[in-house]
$ cat input06.cif   # mmCIF, C-alpha atoms
data_data
loop_
_atom_site.label_atom_id
_atom_site.label_comp_id
_atom_site.auth_asym_id
_atom_site.auth_seq_id
_atom_site.Cartn_x
_atom_site.Cartn_y
_atom_site.Cartn_z
CA MET A 117 9.73 1.87 -15.39
CA GLN A 118 11.33 4.52 -13.22
CA GLN A 119 14.86 3.92 -12.06
CA SER A 120 17.73 5.60 -10.34
CA ILE A 121 20.77 4.18 -12.12
CA GLU A 122 23.31 5.52 -9.64
CA ARG A 123 21.76 3.92 -6.59
CA MET A 124 22.43 0.31 -5.71
CA THR A 125 21.47 -1.97 -2.84
CA ILE A 126 24.19 -4.55 -2.22
CA ARG A 127 22.45 -7.75 -1.04
CA SER A 128 23.94 -10.74 0.79
CA ASP A 129 23.84 -14.10 -1.06
CA GLU A 130 21.28 -15.28 1.48
CA ASP A 131 19.00 -12.27 0.88
CA LYS A 132 19.24 -12.75 -2.88
CA LYS A 133 18.44 -16.45 -2.53
CA THR A 134 15.33 -15.72 -0.42
CA LEU A 135 14.04 -13.04 -2.79
CA ILE A 136 14.74 -15.04 -5.97
CA SER A 137 13.06 -18.13 -4.53
CA ARG A 138 9.94 -16.06 -3.69
CA LEU A 139 9.93 -14.61 -7.21
CA ASN A 140 10.31 -18.10 -8.74
CA ARG A 141 7.29 -19.24 -6.74
CA ILE A 142 5.23 -16.32 -8.06
CA GLU A 143 6.39 -17.12 -11.62
CA GLY A 144 5.16 -20.67 -11.03
CA GLN A 145 1.79 -19.36 -9.83
CA ILE A 146 1.46 -17.28 -13.02
CA ARG A 147 2.26 -20.33 -15.17
CA GLY A 148 -0.36 -22.25 -13.18
CA VAL A 149 -2.94 -19.62 -14.07
CA ALA A 150 -1.96 -19.88 -17.78
CA ASN A 151 -2.52 -23.66 -17.60
CA MET A 152 -5.95 -23.08 -16.07
CA VAL A 153 -6.85 -20.78 -18.99
CA ASN A 154 -5.68 -23.39 -21.52
CA GLU A 155 -7.63 -26.14 -19.75
CA ASP A 156 -10.88 -24.10 -19.93
CA ARG A 157 -11.08 -23.95 -16.16
CA TYR A 158 -13.97 -22.02 -14.60
CA CYS A 159 -13.39 -18.20 -14.53
CA ASP A 160 -14.14 -17.90 -10.82
CA ASP A 161 -11.42 -20.46 -9.97
CA ILE A 162 -8.93 -18.54 -12.12
CA LEU A 163 -9.86 -15.24 -10.46
CA ILE A 164 -9.43 -16.80 -6.99
CA GLN A 165 -5.98 -18.03 -8.05
CA LEU A 166 -5.11 -14.53 -9.43
CA SER A 167 -6.06 -13.03 -6.05
CA ALA A 168 -3.58 -15.48 -4.48
CA VAL A 169 -0.83 -14.22 -6.83
CA ASP A 170 -1.76 -10.67 -5.80
CA LYS A 171 -1.31 -11.61 -2.14
CA SER A 172 2.09 -13.22 -2.86
CA ILE A 173 3.30 -10.03 -4.56
CA LYS A 174 2.13 -7.83 -1.69
CA SER A 175 3.76 -10.12 0.83
CA LEU A 176 7.05 -9.94 -1.12
CA ALA A 177 6.74 -6.15 -1.27
CA ASN A 178 6.35 -6.09 2.52
CA LEU A 179 9.50 -8.19 2.95
CA LEU A 180 11.47 -5.95 0.59
CA LEU A 181 10.22 -2.80 2.32
CA GLU A 182 11.27 -4.19 5.69
CA LYS A 183 14.79 -4.88 4.43
CA HIS A 184 14.85 -1.48 2.71
CA MET A 185 13.86 0.27 5.96
CA LYS A 186 16.55 -1.43 8.02
CA SER A 187 19.36 -0.81 5.52
CA CYS A 188 19.03 1.98 2.93
CA VAL A 189 16.54 4.17 4.79
CA LYS A 190 18.50 4.24 8.03
CA GLU A 191 21.81 4.85 6.26
CA ARG A 192 20.53 7.66 4.09
CA LEU A 193 18.83 9.43 6.98
CA ASN A 194 22.10 9.15 8.91
CA ASP A 195 23.78 10.78 5.90
CA GLY A 196 21.23 13.62 6.14
CA ASP A 197 19.43 12.61 2.92
CA ASP A 198 15.72 13.18 3.64
CA THR A 199 14.43 12.56 0.10
CA ILE A 200 14.13 8.90 1.09
CA LEU A 201 11.16 9.79 3.32
CA GLU A 202 9.27 11.03 0.27
CA GLU A 203 10.16 7.80 -1.54
CA ILE A 204 8.49 5.82 1.25
CA VAL A 205 5.32 7.94 1.13
CA ASP A 206 5.28 7.42 -2.65
CA LEU A 207 5.55 3.61 -2.22
CA PHE A 208 2.75 3.75 0.35
CA LYS A 209 0.48 5.35 -2.28
CA ARG A 210 1.51 2.88 -5.00
CA PHE A 211 0.54 -0.17 -2.96
CA GLN A 212 -2.58 1.31 -1.37
CA MET B 194 -6.31 -23.35 -4.07
CA GLN B 195 -10.07 -23.64 -4.17
CA GLN B 196 -11.62 -25.18 -7.23
CA SER B 197 -14.88 -26.47 -8.60
CA ILE B 198 -13.80 -29.43 -10.72
CA GLU B 199 -17.16 -29.87 -12.42
CA ARG B 200 -17.44 -26.34 -13.72
CA MET B 201 -15.70 -25.28 -16.91
CA THR B 202 -15.56 -22.10 -18.97
CA ILE B 203 -15.11 -22.90 -22.64
CA ARG B 204 -13.03 -20.09 -24.16
CA SER B 205 -12.60 -19.12 -27.82
CA ASP B 206 -9.07 -19.44 -29.28
CA GLU B 207 -8.95 -15.64 -29.45
CA ASP B 208 -9.87 -15.22 -25.78
CA LYS B 209 -7.25 -17.80 -24.77
CA LYS B 210 -4.63 -16.05 -26.87
CA THR B 211 -5.37 -12.66 -25.27
CA LEU B 212 -5.30 -14.05 -21.72
CA ILE B 213 -2.16 -16.15 -22.25
CA SER B 214 -0.32 -13.21 -23.84
CA ARG B 215 -1.21 -11.02 -20.82
CA LEU B 216 0.01 -13.76 -18.46
CA ASN B 217 3.25 -14.15 -20.43
CA ARG B 218 3.85 -10.42 -20.09
CA ILE B 219 3.35 -10.63 -16.32
CA GLU B 220 5.75 -13.60 -16.17
CA GLY B 221 8.27 -11.43 -18.03
CA GLN B 222 7.80 -8.63 -15.50
CA ILE B 223 8.45 -11.07 -12.64
CA ARG B 224 11.67 -12.29 -14.33
CA GLY B 225 12.65 -8.64 -14.76
CA VAL B 226 12.26 -8.11 -11.02
CA ALA B 227 14.44 -11.20 -10.36
CA ASN B 228 17.16 -9.73 -12.61
CA MET B 229 16.98 -6.47 -10.67
CA VAL B 230 17.53 -8.39 -7.42
CA ASN B 231 20.54 -10.22 -8.89
CA GLU B 232 22.02 -6.98 -10.21
CA ASP B 233 21.84 -5.36 -6.73
CA ARG B 234 19.42 -2.73 -7.98
CA TYR B 235 18.12 -0.18 -5.50
CA CYS B 236 15.21 -1.51 -3.33
CA ASP B 237 12.94 1.40 -4.11
CA ASP B 238 13.24 0.75 -7.87
CA ILE B 239 12.39 -2.92 -7.31
CA LEU B 240 9.37 -2.00 -5.17
CA ILE B 241 8.13 0.42 -7.85
CA GLN B 242 8.45 -2.38 -10.40
CA LEU B 243 6.58 -4.80 -8.08
CA SER B 244 3.74 -2.26 -7.80
CA ALA B 245 3.58 -2.30 -11.63
CA VAL B 246 3.23 -6.11 -11.57
CA ASP B 247 0.45 -5.69 -9.03
CA LYS B 248 -1.36 -3.29 -11.37
CA SER B 249 -0.98 -5.73 -14.31
CA ILE B 250 -2.54 -8.54 -12.26
CA LYS B 251 -5.46 -6.37 -11.17
CA SER B 252 -6.03 -5.22 -14.73
CA LEU B 253 -6.07 -8.86 -15.92
CA ALA B 254 -8.51 -9.73 -13.11
CA ASN B 255 -10.80 -6.92 -14.33
CA LEU B 256 -10.70 -8.28 -17.88
CA LEU B 257 -11.47 -11.81 -16.68
CA LEU B 258 -14.32 -10.60 -14.47
CA GLU B 259 -15.82 -8.71 -17.39
CA LYS B 260 -15.78 -11.82 -19.58
CA HIS B 261 -17.09 -13.89 -16.65
CA MET B 262 -19.99 -11.48 -16.14
CA LYS B 263 -21.04 -11.51 -19.78
CA SER B 264 -20.89 -15.30 -20.14
CA CYS B 265 -21.10 -17.55 -17.05
CA VAL B 266 -22.92 -15.12 -14.75
CA LYS B 267 -25.68 -14.33 -17.22
CA GLU B 268 -26.15 -17.98 -18.19
CA ARG B 269 -26.29 -19.28 -14.64
CA LEU B 270 -28.74 -16.61 -13.53
CA ASN B 271 -30.91 -17.51 -16.52
CA ASP B 272 -30.73 -21.12 -15.29
CA GLY B 273 -31.97 -19.92 -11.88
CA ASP B 274 -28.60 -20.56 -10.16
CA ASP B 275 -28.17 -17.65 -7.73
CA THR B 276 -25.06 -18.97 -5.95
CA ILE B 277 -23.02 -17.17 -8.60
CA LEU B 278 -24.02 -13.83 -7.03
CA GLU B 279 -22.30 -14.88 -3.80
CA GLU B 280 -19.22 -15.88 -5.81
CA ILE B 281 -19.02 -12.33 -7.20
CA VAL B 282 -19.32 -10.77 -3.72
CA ASP B 283 -16.56 -13.13 -2.56
CA LEU B 284 -14.29 -12.04 -5.46
CA PHE B 285 -15.03 -8.41 -4.61
CA LYS B 286 -13.68 -9.00 -1.09
CA ARG B 287 -10.61 -10.91 -2.31
CA PHE B 288 -9.45 -8.08 -4.56
CA GLN B 289 -10.38 -5.22 -2.24
CA MET C 94 -20.64 12.52 -7.62
CA GLN C 95 -22.23 10.41 -10.33
CA GLN C 96 -25.91 9.62 -10.02
CA SER C 97 -28.77 8.12 -11.91
CA ILE C 98 -31.73 10.20 -10.76
CA GLU C 99 -34.34 7.93 -12.29
CA ARG C 100 -33.21 4.77 -10.56
CA MET C 101 -34.25 3.99 -7.01
CA THR C 102 -33.75 1.10 -4.63
CA ILE C 103 -36.70 0.74 -2.29
CA ARG C 104 -35.37 -0.53 1.06
CA SER C 105 -37.26 -2.15 3.94
CA ASP C 106 -37.28 -0.27 7.26
CA GLU C 107 -35.08 -3.00 8.69
CA ASP C 108 -32.51 -2.65 5.89
CA LYS C 109 -32.43 1.12 6.31
CA LYS C 110 -32.00 0.77 10.07
CA THR C 111 -29.05 -1.62 9.64
CA LEU C 112 -27.33 0.59 7.06
CA ILE C 113 -27.90 3.85 8.96
CA SER C 114 -26.63 2.32 12.19
CA ARG C 115 -23.44 1.16 10.40
CA LEU C 116 -22.99 4.67 8.93
CA ASN C 117 -23.54 6.28 12.36
CA ARG C 118 -20.83 4.04 13.78
CA ILE C 119 -18.41 5.12 11.03
CA GLU C 120 -19.31 8.79 11.68
CA GLY C 121 -18.45 8.16 15.35
CA GLN C 122 -15.10 6.65 14.34
CA ILE C 123 -14.31 9.75 12.28
CA ARG C 124 -15.16 12.03 15.21
CA GLY C 125 -12.93 9.84 17.39
CA VAL C 126 -10.05 10.46 14.97
CA ALA C 127 -10.72 14.23 15.11
CA ASN C 128 -10.51 14.09 18.92
CA MET C 129 -7.19 12.25 18.66
CA VAL C 130 -5.84 15.03 16.44
CA ASN C 131 -6.99 17.71 18.90
CA GLU C 132 -5.46 15.82 21.83
CA ASP C 133 -2.05 15.70 20.07
CA ARG C 134 -2.17 11.93 19.97
CA TYR C 135 0.72 10.08 18.33
CA CYS C 136 0.48 9.99 14.48
CA ASP C 137 0.92 6.22 14.27
CA ASP C 138 -2.08 5.66 16.59
CA ILE C 139 -4.19 7.98 14.44
CA LEU C 140 -3.12 6.19 11.27
CA ILE C 141 -4.00 2.80 12.81
CA GLN C 142 -7.43 4.19 13.69
CA LEU C 143 -7.86 5.56 10.14
CA SER C 144 -7.09 2.09 8.77
CA ALA C 145 -9.91 0.77 11.00
CA VAL C 146 -12.31 3.33 9.47
CA ASP C 147 -11.17 2.16 6.04
CA LYS C 148 -12.02 -1.44 6.97
CA SER C 149 -15.48 -0.39 8.27
CA ILE C 150 -16.23 1.36 4.98
CA LYS C 151 -15.14 -1.64 2.90
CA SER C 152 -17.19 -3.96 5.07
CA LEU C 153 -20.26 -1.75 4.59
CA ALA C 154 -19.61 -1.69 0.83
CA ASN C 155 -19.56 -5.50 0.84
CA LEU C 156 -22.90 -5.62 2.66
CA LEU C 157 -24.46 -3.13 0.23
CA LEU C 158 -23.09 -5.02 -2.79
CA GLU C 159 -24.55 -8.26 -1.45
CA LYS C 160 -28.00 -6.69 -1.08
CA HIS C 161 -27.62 -5.02 -4.50
CA MET C 162 -26.77 -8.37 -6.11
CA LYS C 163 -29.75 -10.16 -4.63
CA SER C 164 -32.26 -7.44 -5.54
CA CYS C 165 -31.47 -4.92 -8.30
CA VAL C 166 -28.96 -7.05 -10.24
CA LYS C 167 -31.23 -10.09 -10.44
CA GLU C 168 -34.29 -8.05 -11.37
CA ARG C 169 -32.60 -6.03 -14.06
CA LEU C 170 -31.00 -9.09 -15.65
CA ASN C 171 -34.44 -10.74 -15.65
CA ASP C 172 -35.69 -7.62 -17.44
CA GLY C 173 -32.95 -8.14 -20.05
CA ASP C 174 -30.95 -5.07 -18.91
CA ASP C 175 -27.28 -6.13 -19.16
CA THR C 176 -25.74 -2.70 -18.45
CA ILE C 177 -25.86 -3.64 -14.77
CA LEU C 178 -23.04 -6.15 -15.38
CA GLU C 179 -20.78 -3.29 -16.48
CA GLU C 180 -21.76 -1.35 -13.36
CA ILE C 181 -20.55 -4.25 -11.20
CA VAL C 182 -17.20 -4.43 -13.05
CA ASP C 183 -16.86 -0.67 -12.56
CA LEU C 184 -17.50 -1.01 -8.79
CA PHE C 185 -14.93 -3.83 -8.68
CA LYS C 186 -12.32 -1.42 -10.08
CA ARG C 187 -13.31 1.43 -7.74
CA PHE C 188 -12.80 -0.64 -4.59
CA GLN C 189 -9.69 -2.51 -5.77
CA MET D 44 -8.01 0.35 19.16
CA GLN D 45 -4.28 0.10 19.79
CA GLN D 46 -2.58 3.06 21.42
CA SER D 47 0.68 4.12 22.95
CA ILE D 48 -0.41 6.41 25.76
CA GLU D 49 3.05 7.79 26.46
CA ARG D 50 3.71 8.98 22.93
CA MET D 51 2.35 12.29 21.70
CA THR D 52 2.68 14.29 18.51
CA ILE D 53 2.50 18.01 19.22
CA ARG D 54 0.81 19.66 16.23
CA SER D 55 0.78 23.33 15.20
CA ASP D 56 -2.62 25.08 15.18
CA GLU D 57 -2.39 25.21 11.40
CA ASP D 58 -1.76 21.47 11.11
CA LYS D 59 -4.67 20.71 13.44
CA LYS D 60 -6.95 23.02 11.46
CA THR D 61 -6.04 21.30 8.16
CA LEU D 62 -6.55 17.80 9.57
CA ILE D 63 -9.81 18.63 11.38
CA SER D 64 -11.23 20.31 8.28
CA ARG D 65 -10.40 17.20 6.20
CA LEU D 66 -12.07 15.00 8.84
CA ASN D 67 -15.16 17.25 8.91
CA ARG D 68 -15.45 16.90 5.15
CA ILE D 69 -15.31 13.10 5.44
CA GLU D 70 -17.96 13.21 8.19
CA GLY D 71 -20.12 15.24 5.80
CA GLN D 72 -19.61 12.63 3.07
CA ILE D 73 -20.74 9.88 5.47
CA ARG D 74 -23.87 11.85 6.39
CA GLY D 75 -24.51 12.33 2.67
CA VAL D 76 -24.41 8.55 2.21
CA ALA D 77 -26.89 8.14 5.11
CA ASN D 78 -29.26 10.59 3.39
CA MET D 79 -28.98 8.57 0.17
CA VAL D 80 -29.98 5.42 2.06
CA ASN D 81 -33.00 7.19 3.63
CA GLU D 82 -34.05 8.57 0.24
CA ASP D 83 -34.05 5.06 -1.31
CA ARG D 84 -31.32 6.06 -3.73
CA TYR D 85 -30.02 3.43 -6.14
CA CYS D 86 -27.45 1.03 -4.55
CA ASP D 87 -24.86 1.56 -7.26
CA ASP D 88 -24.88 5.34 -6.67
CA ILE D 89 -24.41 4.77 -2.94
CA LEU D 90 -21.53 2.35 -3.57
CA ILE D 91 -19.84 4.87 -5.89
CA GLN D 92 -20.17 7.51 -3.14
CA LEU D 93 -18.74 5.06 -0.56
CA SER D 94 -15.73 4.50 -2.84
CA ALA D 95 -15.23 8.29 -2.83
CA VAL D 96 -15.22 8.27 1.00
CA ASP D 97 -12.65 5.48 0.85
CA LYS D 98 -10.44 7.63 -1.39
CA SER D 99 -10.77 10.63 0.97
CA ILE D 100 -9.65 8.50 3.91
CA LYS D 101 -6.64 7.13 2.03
CA SER D 102 -5.68 10.59 0.90
CA LEU D 103 -5.84 11.84 4.51
CA ALA D 104 -3.75 8.85 5.62
CA ASN D 105 -1.13 9.81 3.02
CA LEU D 106 -1.03 13.39 4.33
CA LEU D 107 -0.68 12.20 7.93
CA LEU D 108 2.05 9.71 6.98
CA GLU D 109 3.98 12.47 5.21
CA LYS D 110 3.84 14.70 8.29
CA HIS D 111 4.71 11.71 10.50
CA MET D 112 7.76 10.91 8.36
CA LYS D 113 9.12 14.45 8.46
CA SER D 114 8.67 14.88 12.22
CA CYS D 115 8.38 11.81 14.48
CA VAL D 116 10.21 9.32 12.25
CA LYS D 117 13.24 11.54 11.69
CA GLU D 118 13.47 12.51 15.36
CA ARG D 119 13.17 9.01 16.70
CA LEU D 120 15.76 7.63 14.27
CA ASN D 121 18.09 10.44 15.33
CA ASP D 122 17.48 9.30 18.91
CA GLY D 123 18.51 5.78 17.87
CA ASP D 124 14.98 4.36 18.22
CA ASP D 125 14.59 1.92 15.31
CA THR D 126 11.23 0.44 16.35
CA ILE D 127 9.61 3.23 14.35
CA LEU D 128 10.75 1.51 11.13
CA GLU D 129 8.66 -1.53 12.07
CA GLU D 130 5.71 0.75 12.76
CA ILE D 131 5.94 2.09 9.20
CA VAL D 132 6.06 -1.43 7.70
CA ASP D 133 3.02 -2.30 9.82
CA LEU D 134 1.11 0.76 8.51
CA PHE D 135 2.09 -0.22 4.96
CA LYS D 136 0.39 -3.59 5.48
CA ARG D 137 -2.72 -2.08 7.09
CA PHE D 138 -3.43 0.22 4.15
CA GLN D 139 -2.48 -2.24 1.41
#
$ encode --input "input06.cif" --output "structure tokens"
Amino acid sequence: MQQSIERMTIRSDEDKKTLISRLNRIEGQIRGVANMVNEDRYCDDILIQLSAVDKSIKSLANLLLEKHMKSCVKERLNDGDDTILEEIVDLFKRFQ
Amino acid sequence: MQQSIERMTIRSDEDKKTLISRLNRIEGQIRGVANMVNEDRYCDDILIQLSAVDKSIKSLANLLLEKHMKSCVKERLNDGDDTILEEIVDLFKRFQ
Amino acid sequence: MQQSIERMTIRSDEDKKTLISRLNRIEGQIRGVANMVNEDRYCDDILIQLSAVDKSIKSLANLLLEKHMKSCVKERLNDGDDTILEEIVDLFKRFQ
Amino acid sequence: MQQSIERMTIRSDEDKKTLISRLNRIEGQIRGVANMVNEDRYCDDILIQLSAVDKSIKSLANLLLEKHMKSCVKERLNDGDDTILEEIVDLFKRFQ
């Protein structure tokens, strides 16, 4: 996992609550899939459910990107730090 | 969630173990992302980690599809049940 | 480009006509994008149009896969040739 | 096709040449796929070639986005126009 230790994004309690609740829901979906495997459920049903998890993750990524754009990206460009534009292009490729 | 109650896929203990261990790892990744949110980690790092979760889910879907192909799909086609071919095309679209 | 010289898929005139007309439409979309570039059109509009081309290509791939499933895949499985199942899993990964 | 008539992106001759040459190559790939259809080539080979076209389009989209970021996006944010951030999030979703 790549990381930039120095950089932080301070989040409001409300933002944290929203994000954590979305992540808890995805964790629940994953546990649901594990139950389906244990109960010998039909592969196709499990794959359909996995595609739903995939959509939840992409939807959360979109939410995070939106928040990122309106806070960090704007601030850093104002500070004259253009490397953030390359970070966005890189994210674009990762989720393509 | 769509499901076909009547249909089952009986899995060997080994297959179940492999699938459940992959799902547990993904659950761990999701909890890792939640920790990053709580620790005010930089958005871009969280998004990179989310793209890794996305790749894990797709890789698990590929494994499941492979097993599905070699068991259910072959059997049902042998039984003259062609609807399974439409199921595969539908999965193809869901993960595209 | 990978190819298997020996293998062919004989298509009806109607099937060819449908596929070629879809491909001509995509070619037209690409030329439309080239015109937008030459006319100094706004990047975002060009990117939106490129995403439409992407959707046309995926939609054509879905149509081809459906035809492939109902002809080649069924026949080869009937002939006891299981390698086709691996081909489908490989396609699944390529379009993911 | 959505468009914003008023907005333009003035491109250098070199930039236009690069983009047009990439688009010509994609057009050639599409014509190659049409030939494969006419020559009754095996479906799987055609689908593999279509996945290559898909990759070429995404790669061109990445190049365009990079140029967009370093010109239009920076300028418009400097001008205090934040709607461009929403445009980027929208593109992110379209290519996901």
$ resolve_selection --input "input06.cif" --expression "the PyMOL selection byres ((chain C) within 12 of (chain A))" --output "ChimeraX atom specification"
/C:144,147,188-189
$ closest_residue --input "input06.cif" --among "A:Ile126, A:Phe208, A:Asn154, A:Lys183" --to "Leu216 in chain B" --atoms "all atoms listed in the file"
A:Asn154
$ closest_residue --input "input06.cif" --among "A:Ile204, A:Gln165, A:Asp160, A:Glu130" --to "Arg147 in chain A" --atoms "all atoms listed in the file"
A:Gln165
$ atom_distance --input "input06.cif" --atom1 "CA of Ser252 in chain B" --atom2 "CA of Lys186 in chain C"
8.7 Å
$ atom_distance --input "input06.cif" --atom1 "CA of Ser214 in chain B" --atom2 "CA of Leu278 in chain B"
29.1 Å
$ resolve_selection --input "input06.cif" --expression "the PyMOL selection byres ((chain B and resi 211) around 12)" --output "PyMOL selection string"
(chain A and resi 150+153-154) or (chain B and resi 204-210+212-218+253+256-257+260)
$ write_last_selection --input "input06.cif" --atoms "C-alpha atoms" --output "compact mmCIF listing (two decimals), in the coordinates of the input"
# COMPACT_ATOMS: atom_id res chain seq x y z
CA ALA A 150 -1.96 -19.88 -17.78
CA VAL A 153 -6.85 -20.78 -18.99
CA ASN A 154 -5.68 -23.39 -21.52
CA ARG B 204 -13.03 -20.09 -24.16
CA SER B 205 -12.60 -19.12 -27.82
CA ASP B 206 -9.07 -19.44 -29.28
CA GLU B 207 -8.95 -15.64 -29.45
CA ASP B 208 -9.87 -15.22 -25.78
CA LYS B 209 -7.25 -17.80 -24.77
CA LYS B 210 -4.63 -16.05 -26.87
CA LEU B 212 -5.30 -14.05 -21.72
CA ILE B 213 -2.16 -16.15 -22.25
CA SER B 214 -0.32 -13.21 -23.84
CA ARG B 215 -1.21 -11.02 -20.82
CA LEU B 216 0.01 -13.76 -18.46
CA ASN B 217 3.25 -14.15 -20.43
CA ARG B 218 3.85 -10.42 -20.09
CA LEU B 253 -6.07 -8.86 -15.92
CA LEU B 256 -10.70 -8.28 -17.88
CA LEU B 257 -11.47 -11.81 -16.68
CA LYS B 260 -15.78 -11.82 -19.58
$ atom_distance --input "input06.cif" --atom1 "CA of Glu120 in chain C" --atom2 "CA of Ile73 in chain D"
6.5 Å
$ decode --input "input06.cif" --residues "range 224-231 of chain B" --atoms "all heavy atoms" --output "short mmCIF file (atom, residue, chain, number, x, y, z; two decimals), in the first residue's frame"
data_model
loop_
_atom_site.label_atom_id
_atom_site.label_comp_id
_atom_site.auth_asym_id
_atom_site.auth_seq_id
_atom_site.Cartn_x
_atom_site.Cartn_y
_atom_site.Cartn_z
N ARG B 224 -11.81 -2.93 6.74
CA ARG B 224 -11.58 -2.39 8.10
C ARG B 224 -10.36 -1.48 8.11
O ARG B 224 -10.33 -0.48 8.81
CB ARG B 224 -11.42 -3.53 9.12
CG ARG B 224 -12.75 -3.93 9.76
CD ARG B 224 -12.53 -4.71 11.04
NE ARG B 224 -11.81 -5.96 10.76
CZ ARG B 224 -12.40 -7.12 10.48
NH1 ARG B 224 -13.72 -7.20 10.47
NH2 ARG B 224 -11.70 -8.19 10.23
N GLY B 225 -9.35 -1.85 7.31
CA GLY B 225 -8.16 -1.00 7.20
C GLY B 225 -8.51 0.38 6.66
O GLY B 225 -8.01 1.40 7.13
N VAL B 226 -9.40 0.40 5.66
CA VAL B 226 -9.82 1.68 5.08
C VAL B 226 -10.57 2.50 6.14
O VAL B 226 -10.37 3.71 6.27
CB VAL B 226 -10.71 1.45 3.83
CG1 VAL B 226 -11.26 2.77 3.31
CG2 VAL B 226 -9.90 0.76 2.73
N ALA B 227 -11.43 1.83 6.95
CA ALA B 227 -12.17 2.54 8.01
C ALA B 227 -11.19 3.15 9.02
O ALA B 227 -11.37 4.30 9.45
CB ALA B 227 -13.14 1.58 8.71
N ASN B 228 -10.14 2.43 9.36
CA ASN B 228 -9.12 2.98 10.27
C ASN B 228 -8.47 4.23 9.67
O ASN B 228 -8.22 5.21 10.37
CB ASN B 228 -8.03 1.94 10.57
CG ASN B 228 -8.56 0.86 11.50
OD1 ASN B 228 -9.56 1.06 12.21
ND2 ASN B 228 -7.90 -0.30 11.51
N MET B 229 -8.18 4.15 8.37
CA MET B 229 -7.56 5.30 7.70
C MET B 229 -8.47 6.53 7.79
O MET B 229 -7.98 7.65 7.99
CB MET B 229 -7.27 4.97 6.23
CG MET B 229 -6.17 3.92 6.04
SD MET B 229 -5.99 3.42 4.28
CE MET B 229 -4.87 4.71 3.68
N VAL B 230 -9.77 6.32 7.61
CA VAL B 230 -10.72 7.44 7.72
C VAL B 230 -10.67 8.02 9.12
O VAL B 230 -10.56 9.24 9.31
CB VAL B 230 -12.16 6.98 7.38
CG1 VAL B 230 -13.19 8.06 7.72
CG2 VAL B 230 -12.27 6.59 5.90
N ASN B 231 -10.72 7.14 10.13
CA ASN B 231 -10.70 7.61 11.53
C ASN B 231 -9.41 8.34 11.90
O ASN B 231 -9.41 9.23 12.75
CB ASN B 231 -10.92 6.42 12.49
CG ASN B 231 -12.40 6.10 12.64
OD1 ASN B 231 -13.23 7.00 12.63
ND2 ASN B 231 -12.70 4.81 12.79
#
